[in-house]
Structure formats: C-alpha cells, structure tokens
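A.B. asks: One structure, as structure tokens, below. Some questions next.
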Amino acid sequence: MQKHNNLSGYLLAFFTLMILALFVRCQDEMAVDPVNTEPTTDKAALEKLVDEDSSLTSFDYNYDEEGVMDFLGKINTTIYPFRVGQKMRLVNRTLSIDFQDTIAYGTLTKTFEGLLLIAASYDSIANKPDTLIQKSFTAVVTRNLIFKKINNSPYPRKNWIIAAISLPEGGTQSPNIDIMKTTIFLPSSDTLVIDSPNDYFLRRGWGWWKNIPIIGINNSVKIRVELFSNYEEDDFVTLTWGANRWIKHRAKRLFDLVSSTPNSSGWNKVYEQTFRTHQWPGFYHAIINAMPQQVVFDDSTPVESEAWGIPYFVHP
C-alpha cells in the first residue's frame with residue numbers, strides 16, 4: 001500500500017512538471033520579441049549619430065536660457081529692464097543628407113519657439129521689477145555636418161562616424177542686426193576667426209579641419225564680436241555658456257561695447273567679453289546672441305535676434 005502511494009505521488013509530480021513545462025513553452029512562443037532599435041539604413045544610422053553626439057546636442061542646453069536672466073542696470077527708456085532671458089522650445093528638427101560614396105554631407109535644421117522674458121518696471125525710480133513682459137518669436141538654427149564611412153558591416157550604425165561639424169547659426173533673420181565676424185582667443189594662444197559659421201568646420205576625429213577647442217577647467221576665453229547694427233544705440237549682445245545635459249552650471253554675461261563706427265547704412269560695432277570654463281568635463285557650447293536695444297527696452301518692439309554658437313570641450 002505504501003509503495004502504491006509513493007508511485008502515485010511520483011506520477012502526480014511528473015505530470016505536474018510536464019504541464020508546467022508545456023505552459024512555459026506556450027508562453028515563450030506567444031511572447032513578442034523586443035523591438036530592435038538598431039538602425040537598418042545609412043540615413044537612420046546618421047540620424048542616430050547626430051542625436052547621440054554631445055558636441056551637437058550641447059547647443060540646445062545653452063540656447064535655452066530658462067533659469068538664468070542677465071542683470072541689467074537702469075536706462076531711461078520706455079521700460080526699465082532688470083533681467084532678461086529667453087526660453088526656447090525645439091519644435092522641429094530635420095536632417096537632410098547627401099551621400100557621396102564614402103562621404104556624406106548633412107544639413108541639420110532646428111526650429112525653436114522662443115519666449116523672450118523681460119523682468120522690468122514702468123517706474124523709473126523702482127528698485128526692483130514689478131512687470132514680466134513676454135514676447136513670442138520663432139528662431140531657425142542651421143549647421144552642416146560631414147560624415148565618413150569607415151566600415152562595410154551589415155550594421156549601418158557601425159559603418160559611419162561624424163568627421164566634422166560646422167558652427168551653428170540662426171535667429172529671426174532680422175535685417176537690422178547681423179553678426180559679421182567672431183574672433184575667439186583660446187588659452188592655448190590659438191585663435192579662431194569665423195565669418196561664416198555654417199562654412200567653418202571643426203574636426204571630430206578625421207580630416208584637415210581644426211579640432212573642436214579643448215579648454216582646461218577654470219580657463220578664460222576671450223571673444224570678440226563684430227556686427228552691423230541699424231541703430232546707433234548699444235545693442236543687447238550676450239554670451240551664454242556652461243550648461244550640460246542636466247541644464248546645470250549655465251551662466252550668462254553681457255558683452256561690452258568696444259567701438260562703434262557709422263557707415264552709409266548703419267553702424268559697425270565691436271563687442272568683447274571673456275568667459276571662464278567651470279570644473280565639469282564634457283562638451284559645451286558658448287552662444288552669442290545679439291538683439292537691437294529696443295527689443296529689450298520697449299514693451300511692444302518684436303524680437304529680432306541673431307545667434308552663433310561655438311562648441312568646446314572642457315578637460316580636467
């Protein structure tokens with residue numbers, strides 16, 4: 001009797017295990033394979049390269065100035081600004097690519113919805129802002145890219161690298177203010193002279209172009225901006241830098257006017273400013289943003305702006 005009971009128990013355990021194994025097998029057959037996000041075309045591979053490259057994406061973190069508004073002194077105009085900043089939201093991004101054998105040329109275009117924030121007062125004797133003026137605008141920023149094919153594997157993502165990136169340029173395409181030339185004096189005594197950002201390429205690992213500037217922590221970089229302005233008054237020219245992907249360490253500073261020379265249609269002006277790198281390594285952008293004065297000092301003037309960006313790498 002005892003043996004019969006033992007045999008029954010073994011058979012019951014065996015059939016239980018068989019049913020469980022069959023259930024697990026059915027579940028495995030019914031399970032959906034995880035989605036494969038690996039690019040299957042060259043174009044998709046290059047788009048992924050661009051999306052993941054911090055030497056490119058760091059522009060957005062500094063173009064958006066939310067959380068940092070530059071201090072201004074009082075000026076006797078329509079409004080009396082204390083702080084000014086712009087909030088930028090990326091609303092469209094396109095990457096057009098021209099493949100030419102082992103080289104590909106890309107143009108990255110980003111459209112931003114902007115909101116210029118001006119903390120001001122209408123009272124000339126006020127010692128703090130009592131009004132927040134908001135001005136909406138649209139800005140388009142472009143930059144060019146060069147890709148190089150380095151392999152012929154079945155995996156497009158492994159076949160290409162970003163060889164070089166141009167400097168970004170954009171804004172509202174105003175005829176009243178135009179950055180003509182930027183000179184960057186690096187701590188290494190090297191100097192970058194730029195008069196056409198989208199045609200000025202920096203190397204990402206291949207080619208004869210200059211390297212992306214590598215700057216040590218707590219080092220100073222001087223920037224000189226030469227621009228055309230349709231107005232005699234000092235323009236509102238700022239420098240924003242230092243923000244990373246977590247939007248930390250961002251700083252902003254006004255440029256100082258060095259000279260202003262009238263010409264037949266307006267004024268040629270030179271502005272200068274110096275910024276200091278912080279202690280956190282990584283890729284960053286310094287953004288030059290120029291607006292006519294009345295954009296900031298008049299509550300109804302629409303936003304006109306032009307922006308150039310300079311990528312750099314901070315190393316310990």
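Identifiers in the structure tokens: chain A, B, ... in order shown; residue index from 1 per chain; ligand index from 1 in order shown.
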Within 9 Å of region 300-312 of chain A, counting only C-alpha atoms, which residues qualify if same-chain residues fewer than 5 places away don't, as a PyMOL selection string?
C.D. replies: chain A and resi 55-56+58-59+63+116+135-139+141+167-179+182+197+202+212-215+282-292+294-295
A.B. asks: Taking the DSSP assignment computed from this structure's backbone, write out as an NGL selection string all residues of region 48-168 of chain A that belong to strand (DSSP E or B).
C.D. replies: :A and (70-71 or 80-100 or 103-121 or 131-149 or 160-166)
A.B. asks: Between A:Val296, A:Val50, A:Ile184, A:Ile103, single out the one closest to Gln134 (chain A), counting only C-alpha atoms.
C.D. replies: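 When distances to Gln134 (chain A) are compared using only C-alpha atoms, the smallest one comes from A:Val296.
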A.B. asks: What is the CA of Asn230 (chain A)-CA of Gly266 (chain A) distance in Å, reported with one decimal?
C.D. replies: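 Atom-to-atom, CA of Asn230 (chain A) and CA of Gly266 (chain A) are spaced 4.5 Å apart.
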A.B. asks: With distances taken over only C-alpha atoms, which of A:Val91, A:Val270, A:Ile79, A:Leu46 is nearest to Arg157 (chain A)?
C.D. replies: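 Of A:Val91, A:Val270, A:Ile79, A:Leu46, the one nearest Arg157 (chain A), counting only C-alpha atoms, is A:Leu46.
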A.B. asks: Tell me which of A:Ala163, A:Ile150, A:Val84, A:Ile133 sits closest to Arg253 (chain A), counting only C-alpha atoms.
C.D. replies: A:Val84
A.B. asks: Set the distance at 12 Å and use only C-alpha atoms: which residues neighbour Phe99 (chain A) once local chain neighbours fewer than 3 positions away are removed? I'd like the list as a short mmCIF file (atom, residue, chain, number, x, y, z; two decimals) with C-alpha atoms, in the first residue's frame.
C.D. replies:
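Okay, this is what ended up in selection_21.cif:
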data_model
loop_
_atom_site.label_atom_id
_atom_site.label_comp_id
_atom_site.auth_asym_id
_atom_site.auth_seq_id
_atom_site.Cartn_x
_atom_site.Cartn_y
_atom_site.Cartn_z
CA ASP A 42 22.57 54.51 -43.59
CA LYS A 43 20.29 57.54 -43.19
CA LEU A 46 23.49 59.02 -39.34
CA SER A 96 19.00 66.31 -44.94
CA THR A 102 32.25 57.04 -48.53
CA ILE A 103 31.45 60.66 -47.59
CA ALA A 104 28.06 62.12 -46.68
CA TYR A 105 27.15 65.78 -46.23
CA GLY A 106 24.34 66.73 -43.90
CA THR A 107 22.43 69.89 -43.02
CA LEU A 145 27.87 68.04 -40.89
CA ILE A 146 30.36 65.79 -42.67
CA PHE A 147 30.20 62.01 -42.17
CA LYS A 148 32.82 59.43 -43.18
CA LYS A 149 32.19 55.75 -43.89
CA TRP A 160 29.82 55.75 -40.13
#
A.B. asks: Within region 90-301 of chain A, find each residue whose DSSP state, derived from the backbone, is helix (DSSP H, G or I), and express the selection as a PDB file with all heavy atoms, in the first residue's frame.
C.D. replies:
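The file below, out_9.pdb, is the result:
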ATOM      1  N   PRO A 156      24.596  49.394 -40.193  1.00  0.00           N
ATOM      2  CA  PRO A 156      24.903  50.767 -40.638  1.00  0.00           C
ATOM      3  C   PRO A 156      25.433  51.663 -39.514  1.00  0.00           C
ATOM      4  O   PRO A 156      26.275  52.522 -39.762  1.00  0.00           O
ATOM      5  CB  PRO A 156      23.552  51.266 -41.162  1.00  0.00           C
ATOM      6  CG  PRO A 156      22.829  50.036 -41.587  1.00  0.00           C
ATOM      7  CD  PRO A 156      23.232  48.988 -40.596  1.00  0.00           C
ATOM      8  N   ARG A 157      24.954  51.463 -38.292  1.00  0.00           N
ATOM      9  CA  ARG A 157      25.380  52.312 -37.174  1.00  0.00           C
ATOM     10  C   ARG A 157      26.885  52.206 -36.931  1.00  0.00           C
ATOM     11  O   ARG A 157      27.509  53.157 -36.451  1.00  0.00           O
ATOM     12  CB  ARG A 157      24.598  51.922 -35.912  1.00  0.00           C
ATOM     13  CG  ARG A 157      25.015  52.603 -34.628  1.00  0.00           C
ATOM     14  CD  ARG A 157      24.712  54.101 -34.678  1.00  0.00           C
ATOM     15  NE  ARG A 157      25.028  54.743 -33.422  1.00  0.00           N
ATOM     16  CZ  ARG A 157      26.237  55.115 -33.043  1.00  0.00           C
ATOM     17  NH1 ARG A 157      27.258  54.912 -33.870  1.00  0.00           N
ATOM     18  NH2 ARG A 157      26.458  55.693 -31.898  1.00  0.00           N
ATOM     19  N   LYS A 158      27.479  51.066 -37.279  1.00  0.00           N
ATOM     20  CA  LYS A 158      28.907  50.854 -37.059  1.00  0.00           C
ATOM     21  C   LYS A 158      29.754  51.245 -38.261  1.00  0.00           C
ATOM     22  O   LYS A 158      30.982  51.152 -38.200  1.00  0.00           O
ATOM     23  CB  LYS A 158      29.167  49.384 -36.706  1.00  0.00           C
ATOM     24  CG  LYS A 158      28.472  48.920 -35.436  1.00  0.00           C
ATOM     25  CD  LYS A 158      28.754  47.460 -35.141  1.00  0.00           C
ATOM     26  CE  LYS A 158      28.059  47.012 -33.860  1.00  0.00           C
ATOM     27  NZ  LYS A 158      28.321  45.570 -33.563  1.00  0.00           N
ATOM     28  N   PRO A 197      29.650  80.902 -40.069  1.00  0.00           N
ATOM     29  CA  PRO A 197      29.615  79.734 -39.175  1.00  0.00           C
ATOM     30  C   PRO A 197      29.304  78.418 -39.866  1.00  0.00           C
ATOM     31  O   PRO A 197      29.932  77.396 -39.573  1.00  0.00           O
ATOM     32  CB  PRO A 197      28.516  80.110 -38.172  1.00  0.00           C
ATOM     33  CG  PRO A 197      28.470  81.590 -38.193  1.00  0.00           C
ATOM     34  CD  PRO A 197      28.784  81.995 -39.602  1.00  0.00           C
ATOM     35  N   ASN A 198      28.332  78.402 -40.793  1.00  0.00           N
ATOM     36  CA  ASN A 198      27.961  77.146 -41.438  1.00  0.00           C
ATOM     37  C   ASN A 198      29.021  76.611 -42.379  1.00  0.00           C
ATOM     38  O   ASN A 198      28.944  75.460 -42.835  1.00  0.00           O
ATOM     39  CB  ASN A 198      26.642  77.316 -42.202  1.00  0.00           C
ATOM     40  CG  ASN A 198      25.417  77.317 -41.305  1.00  0.00           C
ATOM     41  OD1 ASN A 198      24.311  77.528 -41.764  1.00  0.00           O
ATOM     42  ND2 ASN A 198      25.598  77.094 -40.006  1.00  0.00           N
ATOM     43  N   ASP A 199      30.028  77.435 -42.699  1.00  0.00           N
ATOM     44  CA  ASP A 199      31.137  77.001 -43.549  1.00  0.00           C
ATOM     45  C   ASP A 199      32.421  76.780 -42.764  1.00  0.00           C
ATOM     46  O   ASP A 199      33.461  76.460 -43.360  1.00  0.00           O
ATOM     47  CB  ASP A 199      31.394  78.039 -44.651  1.00  0.00           C
ATOM     48  CG  ASP A 199      30.201  78.213 -45.567  1.00  0.00           C
ATOM     49  OD1 ASP A 199      29.614  77.187 -45.973  1.00  0.00           O
ATOM     50  OD2 ASP A 199      29.834  79.371 -45.863  1.00  0.00           O
ATOM     51  N   GLN A 293      18.686  97.167 -29.276  1.00  0.00           N
ATOM     52  CA  GLN A 293      18.374  97.592 -27.916  1.00  0.00           C
ATOM     53  C   GLN A 293      16.872  97.683 -27.654  1.00  0.00           C
ATOM     54  O   GLN A 293      16.380  97.292 -26.588  1.00  0.00           O
ATOM     55  CB  GLN A 293      19.027  98.945 -27.613  1.00  0.00           C
ATOM     56  CG  GLN A 293      18.864  99.384 -26.178  1.00  0.00           C
ATOM     57  CD  GLN A 293      19.401 100.782 -25.929  1.00  0.00           C
ATOM     58  OE1 GLN A 293      18.630 101.720 -25.818  1.00  0.00           O
ATOM     59  NE2 GLN A 293      20.725 100.927 -25.865  1.00  0.00           N
ATOM     60  N   GLN A 294      16.090  98.196 -28.630  1.00  0.00           N
ATOM     61  CA  GLN A 294      14.681  98.432 -28.368  1.00  0.00           C
ATOM     62  C   GLN A 294      13.881  97.151 -28.181  1.00  0.00           C
ATOM     63  O   GLN A 294      12.772  97.178 -27.636  1.00  0.00           O
ATOM     64  CB  GLN A 294      14.052  99.273 -29.488  1.00  0.00           C
ATOM     65  CG  GLN A 294      14.004  98.610 -30.844  1.00  0.00           C
ATOM     66  CD  GLN A 294      15.233  98.961 -31.662  1.00  0.00           C
ATOM     67  OE1 GLN A 294      16.305  99.238 -31.114  1.00  0.00           O
ATOM     68  NE2 GLN A 294      15.086  98.958 -32.976  1.00  0.00           N
ATOM     69  N   VAL A 295      14.426  96.005 -28.608  1.00  0.00           N
ATOM     70  CA  VAL A 295      13.750  94.735 -28.353  1.00  0.00           C
ATOM     71  C   VAL A 295      13.597  94.517 -26.850  1.00  0.00           C
ATOM     72  O   VAL A 295      12.574  94.016 -26.372  1.00  0.00           O
ATOM     73  CB  VAL A 295      14.534  93.574 -28.990  1.00  0.00           C
ATOM     74  CG1 VAL A 295      13.973  92.223 -28.536  1.00  0.00           C
ATOM     75  CG2 VAL A 295      14.494  93.667 -30.507  1.00  0.00           C
ATOM     76  N   VAL A 296      14.627  94.938 -26.092  1.00  0.00           N
ATOM     77  CA  VAL A 296      14.643  94.743 -24.653  1.00  0.00           C
ATOM     78  C   VAL A 296      14.053  95.934 -23.906  1.00  0.00           C
ATOM     79  O   VAL A 296      13.429  95.778 -22.856  1.00  0.00           O
ATOM     80  CB  VAL A 296      16.089  94.472 -24.177  1.00  0.00           C
ATOM     81  CG1 VAL A 296      16.174  94.410 -22.662  1.00  0.00           C
ATOM     82  CG2 VAL A 296      16.604  93.173 -24.799  1.00  0.00           C
ATOM     83  N   PHE A 297      14.226  97.157 -24.446  1.00  0.00           N
ATOM     84  CA  PHE A 297      13.843  98.360 -23.711  1.00  0.00           C
ATOM     85  C   PHE A 297      12.509  98.968 -24.149  1.00  0.00           C
ATOM     86  O   PHE A 297      12.147 100.045 -23.696  1.00  0.00           O
ATOM     87  CB  PHE A 297      14.956  99.402 -23.838  1.00  0.00           C
ATOM     88  CG  PHE A 297      16.215  98.990 -23.131  1.00  0.00           C
ATOM     89  CD1 PHE A 297      17.268  98.440 -23.823  1.00  0.00           C
ATOM     90  CD2 PHE A 297      16.328  99.141 -21.760  1.00  0.00           C
ATOM     91  CE1 PHE A 297      18.423  98.051 -23.173  1.00  0.00           C
ATOM     92  CE2 PHE A 297      17.478  98.749 -21.096  1.00  0.00           C
ATOM     93  CZ  PHE A 297      18.523  98.205 -21.797  1.00  0.00           C
TER      94      PHE A 297
END
A.B. asks: List the spatial neighbours of Trp267 (chain A) as JSON, numbers by chain - criterion: any atom at most 10 Å away, only C-alpha atoms, same-chain residues fewer than 2 positions off excluded.
C.D. replies: {"A": [177, 227, 228, 229, 230, 231, 232, 233, 259, 260, 261, 262, 263, 264, 265, 269, 270]}
A.B. asks: Any idea what's packed within 9 Å of Glu66 (chain A), counting only C-alpha atoms, ignoring anything in its chain fewer than 6 positions away? Could you give it as a list in words?
C.D. replies: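 Contacts, in chain order: Gly85, Gln86, Lys87 and Met88 of chain A.
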A.B. asks: Can those selected residues be exported to a file as a PDB file, in the first residue's frame so that it contains N, CA, C and O atoms?
C.D. replies:
ATOM      1  N   GLY A  85      15.930  87.118 -20.267  1.00  0.00           N
ATOM      2  CA  GLY A  85      16.319  85.758 -20.640  1.00  0.00           C
ATOM      3  C   GLY A  85      15.372  85.231 -21.699  1.00  0.00           C
ATOM      4  O   GLY A  85      14.273  85.761 -21.892  1.00  0.00           O
ATOM      5  N   GLN A  86      15.778  84.193 -22.400  1.00  0.00           N
ATOM      6  CA  GLN A  86      14.908  83.602 -23.417  1.00  0.00           C
ATOM      7  C   GLN A  86      14.690  82.125 -23.141  1.00  0.00           C
ATOM      8  O   GLN A  86      15.620  81.405 -22.777  1.00  0.00           O
ATOM      9  N   LYS A  87      13.458  81.708 -23.283  1.00  0.00           N
ATOM     10  CA  LYS A  87      13.100  80.301 -23.133  1.00  0.00           C
ATOM     11  C   LYS A  87      12.852  79.731 -24.520  1.00  0.00           C
ATOM     12  O   LYS A  87      12.019  80.257 -25.271  1.00  0.00           O
ATOM     13  N   MET A  88      13.583  78.680 -24.888  1.00  0.00           N
ATOM     14  CA  MET A  88      13.499  78.131 -26.237  1.00  0.00           C
ATOM     15  C   MET A  88      12.977  76.693 -26.189  1.00  0.00           C
ATOM     16  O   MET A  88      13.446  75.881 -25.383  1.00  0.00           O
TER      17      MET A  88
END
A.B. asks: Restricting the calculation to only C-alpha atoms, which member of A:Arg83, A:Gln100, A:Asn218, A:Leu132 is positioned closest to Leu254 (chain A)?
C.D. replies: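 Among the listed residues, A:Arg83 lies closest to Leu254 (chain A).
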A.B. asks: State, in Å with one decimal place, the distance from CA of Thr274 (chain A) to CA of Ile223 (chain A).
C.D. replies: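 CA of Ile223 (chain A) lies at a distance of 6.0 Å from CA of Thr274 (chain A).
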